[in-house]
file data_21.txt (compact mmCIF, C-alpha atoms)
# COMPACT_ATOMS: atom_id res chain seq x y z
CA MET R 79 5.84 33.23 107.03
CA GLU R 80 8.49 33.96 109.67
CA SER R 81 8.62 30.30 110.71
CA PHE R 82 9.19 29.34 107.08
CA ILE R 83 12.05 31.84 106.81
CA ALA R 84 13.48 30.55 110.10
CA ALA R 85 13.43 26.98 108.79
CA LEU R 86 15.17 28.02 105.56
CA VAL R 87 17.78 30.04 107.44
CA SER R 88 18.48 27.08 109.67
CA LEU R 89 18.62 24.56 106.81
CA LEU R 90 20.60 26.61 104.29
CA ILE R 91 22.75 28.83 106.46
CA LEU R 92 23.11 28.17 110.17
CA ASP R 93 23.34 24.38 110.32
CA PRO R 94 25.89 24.09 107.48
CA ILE R 95 27.97 27.00 108.76
CA GLN R 96 27.99 25.66 112.31
CA GLY R 97 28.98 22.22 111.07
CA ALA R 98 31.74 23.58 108.84
CA ILE R 99 33.19 25.81 111.53
CA THR R 100 33.07 23.08 114.18
CA SER R 101 34.72 20.58 111.80
CA GLN R 102 37.44 23.01 110.77
CA LEU R 103 38.24 24.02 114.33
CA SER R 104 38.24 20.41 115.54
CA ALA R 105 40.54 19.36 112.68
CA LEU R 106 42.93 22.13 113.67
CA GLY R 107 43.05 20.86 117.24
CA ILE R 108 41.03 23.67 118.80
CA PRO R 109 39.61 22.73 122.18
CA ARG R 110 36.00 21.60 121.83
CA ASP R 111 34.79 24.38 124.15
CA SER R 112 36.18 27.10 121.84
CA ALA R 113 34.48 25.53 118.83
CA GLU R 114 31.26 25.16 120.80
CA LYS R 115 31.31 28.87 121.74
CA VAL R 116 31.21 29.76 118.06
CA ALA R 117 28.35 27.33 117.40
CA THR R 118 26.46 28.58 120.47
CA CYS R 119 26.80 32.17 119.27
CA ALA R 120 25.45 31.21 115.85
CA ARG R 121 22.44 29.50 117.42
CA ALA R 122 21.80 32.47 119.72
CA ALA R 123 21.97 34.83 116.73
CA ALA R 124 19.32 32.89 114.79
CA PRO R 125 16.42 35.27 115.59
CA THR R 126 18.49 38.28 114.52
CA ILE R 127 19.55 36.53 111.33
CA VAL R 128 15.94 35.56 110.53
CA THR R 129 14.90 39.19 110.96
CA ARG R 130 17.71 40.37 108.67
CA VAL R 131 16.79 37.78 106.05
CA GLY R 132 13.15 38.85 106.18
CA GLU R 133 14.09 42.51 105.79
CA ASN R 134 16.68 41.99 103.06
CA PRO R 135 16.30 38.67 101.23
CA GLY R 136 18.68 39.71 98.44
CA TRP R 137 21.49 40.19 100.94
CA ALA R 138 20.71 36.77 102.42
CA VAL R 139 20.88 35.09 99.01
CA VAL R 140 24.31 36.63 98.44
CA GLN R 141 25.52 35.28 101.81
CA VAL R 142 24.22 31.78 101.01
CA ILE R 143 25.91 31.83 97.60
CA ARG R 144 29.19 33.06 99.09
CA PHE R 145 29.17 30.22 101.62
CA TRP R 146 28.01 27.41 99.33
CA THR R 147 30.39 28.33 96.52
CA GLY R 148 33.35 28.71 98.85
CA ALA R 149 33.80 32.37 97.94
CA ALA R 150 33.86 33.14 101.66
CA SER R 151 34.88 30.92 104.53
CA PRO R 152 32.22 29.87 107.06
CA ASP R 153 33.66 32.11 109.77
CA VAL R 154 33.55 35.17 107.49
CA VAL R 155 29.94 34.48 106.51
CA LEU R 156 28.96 33.91 110.14
CA VAL R 157 30.39 37.29 111.15
CA GLU R 158 28.59 38.93 108.19
CA LEU R 159 25.33 37.33 109.31
CA ALA R 160 25.83 37.81 113.02
CA PRO R 161 28.38 40.52 113.86
CA GLN R 162 27.89 39.76 117.55
CA CYS R 163 29.74 36.46 116.94
CA ALA R 164 32.94 38.22 115.88
CA GLY R 165 34.41 37.88 119.38
CA ALA R 166 33.83 34.14 119.54
CA VAL R 167 35.25 33.68 116.04
CA GLU R 168 38.29 35.81 116.85
CA THR R 169 38.94 33.84 120.05
CA ALA R 170 38.84 30.57 118.13
CA LYS R 171 41.18 31.95 115.46
CA ARG R 172 43.64 33.15 118.09
CA ALA R 173 43.66 29.65 119.53
CA ILE R 174 45.11 28.41 116.23
CA GLY R 175 47.42 31.36 115.71
CA ARG R 176 45.48 33.01 112.88
CA SER R 177 44.50 36.65 112.76
CA ALA R 178 41.00 37.73 111.81
call {"tool": "encode", "arguments": {"input": "data_21.txt", "output": "structure tokens"}}
result
Amino acid sequence: MESFIAALVSLLILDPIQGAITSQLSALGIPRDSAEKVATCARAAAPTIVTRVGENPGWAVVQVIRFWTGAASPDVVLVELAPQCAGAVETAKRAIGRSA
């Protein structure tokens, strides 16, 4: 069951969020290494996210809906899913002159 949840998390949450964040940062002229740090953090957080989804699927559904409907930006959803990525997200934002 955990591998099924991991596949869903990857398909519905992590891959789209990573792609969206990387595209946004690249379009804003952020150095590729800064964008990659955010994507790397998201990938490293996958096991933690899978555990959280398994423990609280309702919360996970809300996060997916927020992302897919545009109610929350990809960086905000990533930090909700993986608080340990806040530093990488903040560094990328500072590189474009935005505050968190």
call {"tool": "residues_around", "arguments": {"input": "data_21.txt", "residues": "range 116-131 of chain R", "least_positions_apart": "4", "cutoff": "7 Å", "atoms": "all atoms listed in the file", "output": "list in words"}}
result
Ile83, Ala84, Val87, Leu92, Gln96, Ser112, Pro135, Ala138, Leu159, Ala160, Cys163, Ala166 and Val167 of chain R
call {"tool": "atom_distance", "arguments": {"input": "data_21.txt", "atom1": "CA of Ile95 in chain R", "atom2": "CA of Leu156 in chain R"}}
result
7.1 Å
call {"tool": "atom_distance", "arguments": {"input": "data_21.txt", "atom1": "CA of Phe82 in chain R", "atom2": "CA of Gly148 in chain R"}}
result
25.5 Å
call {"tool": "closest_residue", "arguments": {"input": "data_21.txt", "among": "R:Asp153, R:Glu168, R:Glu80, R:Glu158", "to": "Gln102 in chain R", "atoms": "all atoms listed in the file"}}
result
R:Asp153
call {"tool": "axis_aligned_box", "arguments": {"input": "data_21.txt", "around": "range 153-168 of chain R", "padding_each_side": "5 Å", "output": "JSON"}}
result
{"center_x": 31.8, "center_y": 36.3, "center_z": 113.0, "size_x": 23.0, "size_y": 18.4, "size_z": 23.0}
call {"tool": "closest_residue", "arguments": {"input": "data_21.txt", "among": "R:Val155, R:Ala85, R:Ile99, R:Ile108", "to": "Ala173 in chain R", "atoms": "all atoms listed in the file"}}
result
R:Ile108
call {"tool": "closest_residue", "arguments": {"input": "data_21.txt", "among": "R:Gly136, R:Gly97, R:Leu103, R:Lys115", "to": "Ala164 in chain R", "atoms": "only C-alpha atoms"}}
result
R:Lys115
